[in-house]
>>> print(open('coords.txt').read())   # compact mmCIF, C-alpha atoms
# COMPACT_ATOMS: atom_id res chain seq x y z
CA MET A 197 0.00 0.00 0.00
CA ALA A 198 1.28 3.41 -0.89
CA GLY A 199 1.36 5.99 1.87
CA CYS A 200 -0.88 9.03 1.44
CA THR A 201 0.04 12.63 2.06
CA GLY A 202 -1.30 13.52 5.47
CA GLY A 203 -3.06 10.17 5.90
CA PRO A 204 -2.09 6.91 7.58
CA SER A 205 0.87 4.97 6.31
CA GLY A 206 1.46 1.23 6.46
CA GLY A 207 -1.21 -1.46 6.45
CA ASP A 208 -3.49 -1.62 3.41
CA GLU A 209 -4.22 2.00 2.57
CA THR A 210 -5.00 2.98 -0.99
CA GLU A 211 -4.91 6.51 -2.37
CA THR A 212 -7.84 7.29 -4.62
CA THR A 213 -9.55 10.10 -6.54
CA THR A 214 -7.77 13.24 -7.71
CA GLU A 215 -4.18 14.32 -7.29
CA GLU A 216 -3.83 17.04 -4.70
CA SER A 217 -1.76 20.22 -4.84
CA THR A 218 -1.29 23.00 -2.35
CA GLU A 219 -3.48 25.48 -4.21
CA THR A 220 -5.80 23.81 -6.70
CA THR A 221 -7.22 20.43 -7.57
CA GLU A 222 -8.81 19.08 -10.75
CA ASN A 223 -12.22 17.48 -10.31
CA SER A 224 -13.76 14.68 -12.39
CA GLU A 225 -15.12 17.15 -14.92
CA GLY A 226 -11.65 18.55 -15.57
CA THR A 227 -12.39 22.00 -14.15
CA THR A 228 -10.20 23.58 -11.50
CA THR A 229 -11.54 24.62 -8.12
CA ALA A 230 -9.95 25.95 -4.99
CA GLU A 231 -8.74 23.11 -2.81
CA SER A 232 -10.53 24.67 0.14
CA ASP A 233 -13.77 23.72 -1.61
CA VAL A 234 -12.83 20.04 -1.68
CA THR A 235 -14.38 17.79 0.97
CA ASN A 236 -11.81 15.26 2.19
CA VAL A 237 -12.97 11.93 3.61
CA GLY A 238 -10.91 9.20 5.26
CA MET A 239 -12.33 5.68 5.03
CA VAL A 240 -11.35 3.09 7.65
CA TYR A 241 -12.79 -0.24 6.54
CA ALA A 242 -13.68 -3.28 8.60
CA THR A 243 -11.29 -6.20 8.90
CA GLY A 244 -11.64 -8.42 5.87
CA GLY A 245 -10.84 -5.52 3.57
CA LEU A 246 -12.00 -4.60 0.12
CA GLY A 247 -12.85 -7.30 -2.37
CA ASP A 248 -15.19 -9.09 0.02
CA GLY A 249 -18.11 -8.58 -2.38
CA SER A 250 -20.09 -7.69 0.70
CA PHE A 251 -19.86 -5.21 3.59
CA ASN A 252 -16.68 -3.26 2.80
CA ASP A 253 -17.34 -3.18 -0.93
CA GLN A 254 -20.81 -1.81 -0.24
CA ALA A 255 -19.30 0.97 1.86
CA GLN A 256 -16.79 1.74 -0.88
CA SER A 257 -19.55 2.06 -3.46
CA GLY A 258 -21.10 4.76 -1.25
CA ILE A 259 -17.97 6.90 -1.09
CA GLN A 260 -17.29 6.36 -4.78
CA GLN A 261 -20.78 7.58 -5.66
CA ALA A 262 -20.34 10.60 -3.39
CA ALA A 263 -17.04 11.39 -5.11
CA GLU A 264 -18.82 11.31 -8.47
CA ASP A 265 -21.66 13.53 -7.32
CA PHE A 266 -19.74 16.06 -5.21
CA ASN A 267 -16.31 17.69 -5.03
CA VAL A 268 -14.93 14.96 -2.78
CA ASP A 269 -11.50 13.40 -2.41
CA PHE A 270 -11.09 10.28 -0.27
CA ASN A 271 -8.37 7.99 1.01
CA GLU A 272 -8.91 4.42 2.17
CA SER A 273 -7.36 2.21 4.84
CA GLN A 274 -7.82 -1.52 5.26
CA PRO A 275 -6.86 -2.64 8.79
CA ASP A 276 -5.75 -6.23 9.18
CA SER A 277 -6.87 -6.45 12.80
CA VAL A 278 -8.99 -4.70 15.42
CA SER A 279 -5.84 -3.41 17.10
CA GLN A 280 -5.13 -1.19 14.07
CA PHE A 281 -8.43 0.72 14.13
CA SER A 282 -7.26 3.31 16.64
CA ASP A 283 -4.09 4.14 14.71
CA TYR A 284 -5.92 4.72 11.44
CA GLN A 285 -8.66 6.77 13.07
CA GLN A 286 -6.15 8.97 14.87
CA GLN A 287 -3.89 9.47 11.86
CA TYR A 288 -6.76 10.69 9.74
CA ALA A 289 -8.06 12.89 12.55
CA GLY A 290 -4.60 14.37 13.19
CA SER A 291 -3.79 14.99 9.54
CA THR A 292 -3.23 18.58 8.39
CA ASP A 293 -2.40 17.88 4.75
CA PRO A 294 -5.18 17.37 3.96
CA ASN A 295 -7.53 18.22 6.78
CA TYR A 296 -10.19 15.52 6.75
CA ASP A 297 -13.73 16.85 6.97
CA LEU A 298 -15.07 13.39 7.82
CA VAL A 299 -13.56 10.11 8.97
CA SER A 300 -15.87 7.20 8.15
CA CYS A 301 -15.39 4.11 10.33
CA ILE A 302 -16.95 0.98 8.87
CA GLY A 303 -18.00 -1.82 11.22
CA PHE A 304 -19.15 -2.33 14.79
CA LEU A 305 -15.71 -3.50 15.93
CA GLN A 306 -14.47 0.09 15.59
CA ALA A 307 -16.77 1.43 18.29
CA ASP A 308 -14.47 1.00 21.28
CA SER A 309 -11.48 2.67 19.67
CA LEU A 310 -13.63 5.42 18.15
CA SER A 311 -15.10 6.29 21.54
CA GLU A 312 -11.60 7.22 22.67
CA THR A 313 -10.47 8.77 19.40
CA ALA A 314 -13.54 11.00 19.06
CA ALA A 315 -13.08 12.33 22.59
CA ASN A 316 -9.43 13.14 21.86
CA TYR A 317 -10.27 14.94 18.61
CA PRO A 318 -13.42 16.94 19.45
CA GLU A 319 -13.17 19.15 16.34
CA GLN A 320 -13.10 16.17 13.95
CA ASN A 321 -16.33 14.76 12.56
CA PHE A 322 -16.62 10.97 12.47
CA GLN A 323 -19.12 8.49 11.14
CA ILE A 324 -19.53 4.94 12.39
CA VAL A 325 -21.55 2.32 10.55
CA ASP A 326 -23.13 -0.60 12.41
CA SER A 327 -22.75 0.73 15.93
CA THR A 328 -23.37 3.80 18.07
CA VAL A 329 -20.77 6.00 19.74
CA ASP A 330 -22.11 8.53 22.22
CA GLU A 331 -19.93 11.51 21.33
CA PRO A 332 -21.13 14.88 19.97
CA ASN A 333 -18.83 14.65 16.92
CA VAL A 334 -19.90 11.12 15.85
CA GLY A 335 -22.80 10.36 13.56
CA SER A 336 -23.93 6.77 14.10
CA TYR A 337 -25.67 4.70 11.43
CA VAL A 338 -27.33 1.39 12.25
CA PHE A 339 -29.70 -0.98 10.47
CA ARG A 340 -32.63 -3.24 11.23
CA GLU A 341 -30.80 -6.31 9.99
CA HIS A 342 -33.25 -8.58 11.75
CA GLU A 343 -36.07 -7.36 9.49
CA GLY A 344 -34.31 -8.23 6.23
CA SER A 345 -33.05 -11.49 7.71
CA TYR A 346 -36.62 -12.45 8.61
CA LEU A 347 -37.52 -12.25 4.92
CA VAL A 348 -34.72 -14.56 3.77
CA GLY A 349 -35.75 -16.89 6.60
CA VAL A 350 -39.25 -17.04 5.13
CA LEU A 351 -37.71 -17.76 1.72
CA ALA A 352 -35.46 -20.52 3.03
CA ALA A 353 -38.28 -22.14 5.01
CA HIS A 354 -40.57 -22.38 2.02
CA LEU A 355 -37.91 -23.81 -0.28
CA THR A 356 -36.55 -26.42 2.15
CA SER A 357 -40.13 -27.63 2.63
CA MET A 358 -40.52 -28.50 -1.05
CA SER A 359 -38.70 -30.28 -3.83
CA PHE A 360 -36.83 -27.46 -5.55
CA SER A 361 -34.02 -27.45 -8.10
CA ALA A 362 -32.38 -24.52 -9.86
CA GLY A 363 -28.94 -23.76 -11.20
CA ALA A 364 -26.41 -26.05 -9.53
CA GLY A 365 -28.50 -26.70 -6.42
CA SER A 366 -31.42 -28.72 -5.18
CA THR A 367 -33.18 -29.44 -1.91
CA GLN A 368 -33.20 -32.84 -0.24
CA SER A 369 -36.64 -34.39 -0.31
CA ASP A 370 -36.20 -36.12 3.05
CA SER A 371 -34.98 -33.07 4.99
CA THR A 372 -36.38 -29.73 6.17
CA ASN A 373 -33.20 -28.15 7.44
CA VAL A 374 -31.42 -24.79 7.02
CA GLY A 375 -28.31 -23.17 8.47
CA PHE A 376 -26.79 -19.87 9.55
CA VAL A 377 -23.06 -19.05 9.51
CA GLY A 378 -21.94 -15.95 11.40
CA GLY A 379 -18.56 -14.23 11.56
CA ARG A 380 -17.67 -13.04 15.06
CA GLU A 381 -20.44 -13.65 17.57
CA SER A 382 -21.82 -10.33 18.77
CA SER A 383 -25.15 -8.63 19.41
CA LEU A 384 -25.02 -7.24 15.86
CA ILE A 385 -24.52 -10.54 14.04
CA GLN A 386 -27.04 -12.16 16.36
CA LYS A 387 -29.64 -9.79 14.87
CA PHE A 388 -29.13 -11.55 11.53
CA GLU A 389 -29.42 -14.93 13.22
CA ALA A 390 -32.51 -13.94 15.21
CA GLY A 391 -34.35 -12.53 12.22
CA PHE A 392 -33.50 -15.53 10.05
CA LYS A 393 -34.62 -18.01 12.68
CA ALA A 394 -37.82 -16.07 13.36
CA GLY A 395 -38.71 -16.05 9.65
CA VAL A 396 -38.06 -19.77 9.38
CA LYS A 397 -40.06 -20.68 12.46
CA ALA A 398 -42.97 -18.39 11.56
CA THR A 399 -43.24 -20.27 8.28
CA ASN A 400 -42.76 -23.83 9.53
CA ASP A 401 -41.98 -24.55 13.16
CA ASP A 402 -40.81 -28.08 12.32
CA ILE A 403 -37.75 -26.95 10.35
CA ASP A 404 -34.38 -27.63 11.96
CA ILE A 405 -31.92 -24.70 12.08
CA GLN A 406 -28.16 -25.16 12.45
CA THR A 407 -25.97 -22.28 13.62
CA SER A 408 -22.21 -21.74 13.61
CA TYR A 409 -19.99 -18.75 14.42
CA VAL A 410 -16.50 -19.13 12.97
CA GLY A 411 -14.88 -16.19 14.81
CA SER A 412 -13.71 -14.29 11.73
CA PHE A 413 -14.99 -12.17 8.85
CA ASN A 414 -12.08 -13.11 6.61
CA ASP A 415 -11.60 -16.88 6.83
CA THR A 416 -13.06 -18.51 3.74
CA THR A 417 -11.77 -21.96 4.74
CA ALA A 418 -13.59 -21.80 8.07
CA GLY A 419 -16.75 -20.64 6.31
CA GLN A 420 -16.53 -23.52 3.87
CA GLU A 421 -15.97 -26.07 6.62
CA ALA A 422 -18.86 -24.77 8.71
CA ALA A 423 -21.24 -24.84 5.75
CA LEU A 424 -20.07 -28.27 4.57
CA SER A 425 -20.87 -29.63 8.01
CA MET A 426 -24.36 -28.18 7.78
CA TYR A 427 -25.02 -29.48 4.28
CA ASN A 428 -23.75 -32.91 5.25
CA SER A 429 -26.12 -32.81 8.24
CA GLY A 430 -29.14 -32.13 6.06
CA SER A 431 -29.24 -28.38 5.42
CA ASP A 432 -30.60 -27.36 2.05
CA ILE A 433 -29.86 -23.65 2.40
CA VAL A 434 -27.28 -21.72 4.44
CA PHE A 435 -27.51 -17.97 5.10
CA HIS A 436 -24.30 -16.23 6.07
CA ALA A 437 -23.52 -12.95 7.82
CA ALA A 438 -19.77 -13.34 7.81
CA GLY A 439 -18.15 -10.94 5.35
CA ASN A 440 -15.51 -12.57 3.18
CA THR A 441 -15.85 -15.77 5.25
CA GLY A 442 -19.14 -16.21 3.41
CA THR A 443 -17.27 -16.90 0.17
CA GLY A 444 -16.46 -20.28 1.70
CA VAL A 445 -20.17 -20.87 2.28
CA PHE A 446 -20.83 -20.35 -1.43
CA GLN A 447 -18.03 -22.76 -2.32
CA ALA A 448 -19.52 -25.39 0.00
CA ALA A 449 -22.94 -24.93 -1.61
CA GLN A 450 -21.44 -25.62 -5.02
CA ASP A 451 -19.47 -28.58 -3.69
CA GLU A 452 -22.62 -30.17 -2.26
CA GLY A 453 -25.16 -29.07 -4.85
CA ARG A 454 -27.16 -27.04 -2.31
CA PHE A 455 -28.10 -23.36 -1.92
CA ALA A 456 -26.83 -20.29 -0.09
CA ILE A 457 -28.08 -16.80 0.77
CA GLY A 458 -25.71 -13.84 0.66
CA VAL A 459 -25.50 -10.66 2.70
CA ASP A 460 -24.96 -6.89 2.48
CA ARG A 461 -24.82 -6.72 -1.35
CA ASP A 462 -26.41 -8.74 -4.14
CA GLN A 463 -23.73 -11.41 -3.97
CA SER A 464 -25.00 -13.18 -7.06
CA VAL A 465 -23.46 -10.15 -8.80
CA THR A 466 -20.40 -9.43 -6.64
CA LYS A 467 -19.56 -13.16 -6.38
CA ASP A 468 -20.94 -14.11 -9.77
CA SER A 469 -18.96 -17.34 -10.03
CA TYR A 470 -21.33 -18.65 -7.34
CA ALA A 471 -24.51 -17.20 -8.87
CA ASN A 472 -25.78 -20.69 -9.67
CA VAL A 473 -26.25 -21.45 -5.94
CA ILE A 474 -27.12 -18.01 -4.50
CA LEU A 475 -30.88 -17.83 -4.07
CA ALA A 476 -30.96 -14.29 -2.71
CA SER A 477 -29.06 -11.80 -0.58
CA MET A 478 -30.08 -9.81 2.48
CA VAL A 479 -28.89 -6.47 1.18
CA LYS A 480 -27.89 -3.83 3.69
CA ARG A 481 -27.45 -0.34 2.29
CA VAL A 482 -24.15 0.56 3.86
CA ASP A 483 -23.53 2.61 0.72
CA THR A 484 -26.54 4.78 1.57
CA ALA A 485 -25.23 5.41 5.08
CA VAL A 486 -21.81 6.47 3.78
CA TYR A 487 -23.23 8.57 0.97
CA ASN A 488 -25.69 10.38 3.24
CA ALA A 489 -22.98 11.22 5.78
CA VAL A 490 -20.69 12.60 3.07
CA GLU A 491 -23.51 14.57 1.47
CA ALA A 492 -24.37 16.12 4.84
CA THR A 493 -20.70 17.02 5.32
CA VAL A 494 -20.51 18.63 1.88
CA ASN A 495 -23.64 20.65 2.63
CA GLY A 496 -22.39 21.72 6.05
CA ASN A 497 -25.14 20.01 8.01
CA PHE A 498 -23.48 16.84 9.31
CA GLN A 499 -25.19 15.92 12.56
CA GLY A 500 -22.86 14.52 15.21
CA GLY A 501 -24.29 12.97 18.34
CA GLU A 502 -27.25 11.47 16.45
CA THR A 503 -28.15 7.93 15.42
CA THR A 504 -29.79 7.14 12.08
CA THR A 505 -31.58 3.79 11.77
CA LEU A 506 -32.35 2.27 8.36
CA GLY A 507 -34.87 -0.56 7.95
CA LEU A 508 -37.36 -2.03 5.50
CA ASP A 509 -39.53 1.07 5.40
CA ASP A 510 -36.72 3.22 3.96
CA ASP A 511 -35.00 0.52 1.88
CA GLY A 512 -32.16 0.25 4.37
CA VAL A 513 -32.42 -3.55 4.16
CA ALA A 514 -34.06 -5.81 1.59
CA CYS A 515 -34.36 -9.35 0.29
CA VAL A 516 -32.93 -9.29 -3.24
CA TYR A 517 -33.31 -12.42 -5.38
CA GLY A 518 -30.29 -13.82 -7.16
CA GLN A 519 -29.66 -12.76 -10.75
CA GLN A 520 -29.54 -16.34 -12.03
CA LEU A 521 -31.87 -18.18 -9.66
CA GLY A 522 -34.45 -15.53 -8.81
CA SER A 523 -36.64 -16.28 -11.80
CA GLU A 524 -36.76 -19.96 -10.77
CA ILE A 525 -38.24 -19.29 -7.33
CA PRO A 526 -41.99 -20.07 -7.35
CA GLU A 527 -44.29 -17.06 -7.37
CA ASP A 528 -46.20 -18.25 -4.31
CA VAL A 529 -42.94 -18.24 -2.35
CA LYS A 530 -42.16 -14.70 -3.51
CA THR A 531 -45.67 -13.67 -2.50
CA ALA A 532 -45.10 -15.08 0.99
CA VAL A 533 -41.88 -13.06 1.29
CA SER A 534 -43.64 -9.93 0.05
CA ASP A 535 -46.50 -10.44 2.51
CA ALA A 536 -44.03 -10.88 5.36
CA ARG A 537 -42.32 -7.63 4.37
CA GLN A 538 -45.59 -5.75 4.41
CA SER A 539 -46.57 -7.26 7.74
CA ILE A 540 -43.34 -6.00 9.32
CA MET A 541 -43.75 -2.53 7.83
CA ASP A 542 -47.37 -2.37 9.01
CA GLY A 543 -46.31 -3.25 12.54
CA GLU A 544 -48.22 -6.52 12.53
CA THR A 545 -45.06 -8.63 12.84
CA SER A 546 -42.42 -7.80 15.42
CA VAL A 547 -39.04 -9.36 14.65
CA PRO A 548 -36.80 -10.30 17.59
CA GLN A 549 -33.20 -9.09 17.70
CA ASP A 550 -31.91 -11.77 20.07
CA PRO A 551 -31.87 -15.44 19.03
CA SER A 552 -32.88 -16.45 22.55
CA ASN A 553 -36.19 -14.67 21.98
CA VAL A 554 -37.12 -16.75 18.94
CA ASN A 555 -39.94 -19.09 19.88
>>> encode(input="coords.txt", output="structure tokens")
Amino acid sequence: MAGCTGGPSGGDETETTTEESTETTENSEGTTTAESDVTNVGMVYATGGLGDGSFNDQAQSGIQQAAEDFNVDFNESQPDSVSQFSDYQQQYAGSTDPNYDLVSCIGFLQADSLSETAANYPEQNFQIVDSTVDEPNVGSYVFREHEGSYLVGVLAAHLTSMSFSAGAGSTQSDSTNVGFVGGRESSLIQKFEAGFKAGVKATNDDIDIQTSYVGSFNDTTAGQEAALSMYNSGSDIVFHAAGNTGTGVFQAAQDEGRFAIGVDRDQSVTKDSYANVILASMVKRVDTAVYNAVEATVNGNFQGGETTTLGLDDDGVACVYGQQLGSEIPEDVKTAVSDARQSIMDGETSVPQDPSNVN
């Protein structure tokens, strides 16, 4: 990784967007504007890094879109471990060339270090995605992951209860069984698990649900092994909330001729070599959270000390069918998913956030 002027050095940082000078900078349209008009953003990604086809890539698409729409320059850092979060946050916050107008911290694991960093740099605006930090200079963005996960649970329950074949996968006629693979066990990832289980059980209480947390968001081998165990124990469909670890889940689905459900982005597109086993993805609009925070910064109305929550009713989360397999899913199953979505939005269905509360 090349070091950036005024930004962190070392690790996996990548310099992007326009070249900077001390007086002027050229924007994407080729016109020249005063550098003081440029909004500078530092991106600190979650462990697992870019290229996950999921959480970090979704965040990157948000800053890239903001850079296209506004006069924004951004630099990116990809920590290898939780211990590096504080260093990257502080180096962006302490930079004077450039001065960063916003430091965007992606992932709940950054919350502890950001609580300290934000207090030490009270004039610096920060964003955190997937957690809340109670500091007046931090804008927190969280999601109702359990709502979107409920919908893919309904989908999985219907399909495991029938004889269904599409692409490279098929269900087992003698088994009604699904699985969930999580990255690091936490209250956040448990929201995915809780919603998924609740959707499954609300559809068919007799379905068995297997669960495994592998302890990492960037261990494809562990994800593959966990999913293989589930498929070999009867699971037809495995839903993952595990970042790049989930790539291993897709590989296991292909190995066993079963199905998987992706997360954060439409992974039938971002991991298109596995599109023949990806039924759907529980999309989480991390890009919207990043874009909105940058837009507010550009417009001078960034709100620190506030929490923004995105759910089904504002398209913060959604069940998106796979590009290859979506057309093969029976219409009555899609109707059941759509009805479940409406029921949640109407307040008729309350989705638990803790797996222990799933009946």
>>> atom_distance(input="coords.txt", atom1="CA of Asn267 (chain A)", atom2="CA of Thr235 (chain A)")
6.3 Å
>>> closest_residue(input="coords.txt", among="A:Ser425, A:Thr313, A:Thr484, A:Ser336", to="Gly375 (chain A)", atoms="all atoms listed in the file")
A:Ser425
>>> closest_residue(input="coords.txt", among="A:Gly349, A:Gly249, A:Gly439, A:Gly238", to="Gly411 (chain A)", atoms="all atoms listed in the file")
A:Gly439
>>> residues_around(input="coords.txt", residues="region 386-390 of chain A", least_positions_apart="3", cutoff="7 Å", atoms="only C-alpha atoms", output="PyMOL selection string")
chain A and resi 341-342+345+376+381-383+393-394+437+548-551+554
>>> residues_around(input="coords.txt", residues="Glu343 (chain A)", least_positions_apart="4", cutoff="12 Å", atoms="all atoms listed in the file", output="ChimeraX atom specification")
/A:339,347-350,387-395,478-480,506-515,533,536-541,543,545-549
>>> write_last_selection(input="coords.txt", atoms="C-alpha atoms", output="PDB file, keeping the file's coordinate frame")
ATOM      1  CA  PHE A 339     -29.700  -0.980  10.470  1.00  0.00           C
ATOM      2  CA  LEU A 347     -37.520 -12.250   4.920  1.00  0.00           C
ATOM      3  CA  VAL A 348     -34.720 -14.560   3.770  1.00  0.00           C
ATOM      4  CA  GLY A 349     -35.750 -16.890   6.600  1.00  0.00           C
ATOM      5  CA  VAL A 350     -39.250 -17.040   5.130  1.00  0.00           C
ATOM      6  CA  LYS A 387     -29.640  -9.790  14.870  1.00  0.00           C
ATOM      7  CA  PHE A 388     -29.130 -11.550  11.530  1.00  0.00           C
ATOM      8  CA  GLU A 389     -29.420 -14.930  13.220  1.00  0.00           C
ATOM      9  CA  ALA A 390     -32.510 -13.940  15.210  1.00  0.00           C
ATOM     10  CA  GLY A 391     -34.350 -12.530  12.220  1.00  0.00           C
ATOM     11  CA  PHE A 392     -33.500 -15.530  10.050  1.00  0.00           C
ATOM     12  CA  LYS A 393     -34.620 -18.010  12.680  1.00  0.00           C
ATOM     13  CA  ALA A 394     -37.820 -16.070  13.360  1.00  0.00           C
ATOM     14  CA  GLY A 395     -38.710 -16.050   9.650  1.00  0.00           C
ATOM     15  CA  MET A 478     -30.080  -9.810   2.480  1.00  0.00           C
ATOM     16  CA  VAL A 479     -28.890  -6.470   1.180  1.00  0.00           C
ATOM     17  CA  LYS A 480     -27.890  -3.830   3.690  1.00  0.00           C
ATOM     18  CA  LEU A 506     -32.350   2.270   8.360  1.00  0.00           C
ATOM     19  CA  GLY A 507     -34.870  -0.560   7.950  1.00  0.00           C
ATOM     20  CA  LEU A 508     -37.360  -2.030   5.500  1.00  0.00           C
ATOM     21  CA  ASP A 509     -39.530   1.070   5.400  1.00  0.00           C
ATOM     22  CA  ASP A 510     -36.720   3.220   3.960  1.00  0.00           C
ATOM     23  CA  ASP A 511     -35.000   0.520   1.880  1.00  0.00           C
ATOM     24  CA  GLY A 512     -32.160   0.250   4.370  1.00  0.00           C
ATOM     25  CA  VAL A 513     -32.420  -3.550   4.160  1.00  0.00           C
ATOM     26  CA  ALA A 514     -34.060  -5.810   1.590  1.00  0.00           C
ATOM     27  CA  CYS A 515     -34.360  -9.350   0.290  1.00  0.00           C
ATOM     28  CA  VAL A 533     -41.880 -13.060   1.290  1.00  0.00           C
ATOM     29  CA  ALA A 536     -44.030 -10.880   5.360  1.00  0.00           C
ATOM     30  CA  ARG A 537     -42.320  -7.630   4.370  1.00  0.00           C
ATOM     31  CA  GLN A 538     -45.590  -5.750   4.410  1.00  0.00           C
ATOM     32  CA  SER A 539     -46.570  -7.260   7.740  1.00  0.00           C
ATOM     33  CA  ILE A 540     -43.340  -6.000   9.320  1.00  0.00           C
ATOM     34  CA  MET A 541     -43.750  -2.530   7.830  1.00  0.00           C
ATOM     35  CA  GLY A 543     -46.310  -3.250  12.540  1.00  0.00           C
ATOM     36  CA  THR A 545     -45.060  -8.630  12.840  1.00  0.00           C
ATOM     37  CA  SER A 546     -42.420  -7.800  15.420  1.00  0.00           C
ATOM     38  CA  VAL A 547     -39.040  -9.360  14.650  1.00  0.00           C
ATOM     39  CA  PRO A 548     -36.800 -10.300  17.590  1.00  0.00           C
ATOM     40  CA  GLN A 549     -33.200  -9.090  17.700  1.00  0.00           C
TER      41      GLN A 549
END
>>> residues_around(input="coords.txt", residues="Ala353 (chain A)", least_positions_apart="6", cutoff="8 Å", atoms="all atoms listed in the file", output="list in words")
Thr372, Val374, Gly395, Val396, Lys397, Thr399, Asn400 and Ile403 of chain A
>>> residues_around(input="coords.txt", residues="Ala489 (chain A)", least_positions_apart="4", cutoff="7 Å", atoms="only C-alpha atoms", output="PyMOL selection string")
chain A and resi 485+493+498
>>> write_last_selection(input="coords.txt", atoms="C-alpha atoms", output="mmCIF file, in the frame of the given file")
data_model
loop_
_atom_site.group_PDB
_atom_site.id
_atom_site.type_symbol
_atom_site.label_atom_id
_atom_site.label_comp_id
_atom_site.auth_asym_id
_atom_site.auth_seq_id
_atom_site.Cartn_x
_atom_site.Cartn_y
_atom_site.Cartn_z
ATOM 1 C CA ALA A 485 -25.230 5.410 5.080
ATOM 2 C CA THR A 493 -20.700 17.020 5.320
ATOM 3 C CA PHE A 498 -23.480 16.840 9.310
#
>>> closest_residue(input="coords.txt", among="A:Gln261, A:Asn497, A:Gln320, A:Ser534", to="Ala289 (chain A)", atoms="all atoms listed in the file")
A:Gln320
>>> atom_distance(input="coords.txt", atom1="CA of Ala418 (chain A)", atom2="CA of Asp460 (chain A)")
19.6 Å
>>> atom_distance(input="coords.txt", atom1="CA of Asn316 (chain A)", atom2="CA of Val240 (chain A)")
17.5 Å
>>> closest_residue(input="coords.txt", among="A:Ser257, A:Thr243, A:Gln306, A:Ser408", to="Ala423 (chain A)", atoms="all atoms listed in the file")
A:Ser408
>>> closest_residue(input="coords.txt", among="A:Ser371, A:Gly501, A:Thr441, A:Glu527", to="Asn321 (chain A)", atoms="only C-alpha atoms")
A:Gly501
>>> closest_residue(input="coords.txt", among="A:Ser309, A:Gly430, A:Phe413, A:Ile385", to="Asn373 (chain A)", atoms="only C-alpha atoms")
A:Gly430
>>> residues_around(input="coords.txt", residues="region 444-457 of chain A", least_positions_apart="4", cutoff="6 Å", atoms="only C-alpha atoms", output="PyMOL selection string")
chain A and resi 364-366+416-417+419-420+423-424+432-435+473-477
>>> axis_aligned_box(input="coords.txt", around="region 304-309 of chain A", padding_each_side="5 Å", output="JSON")
{"center_x": -15.3, "center_y": -0.4, "center_z": 18.0, "size_x": 17.7, "size_y": 16.2, "size_z": 16.5}
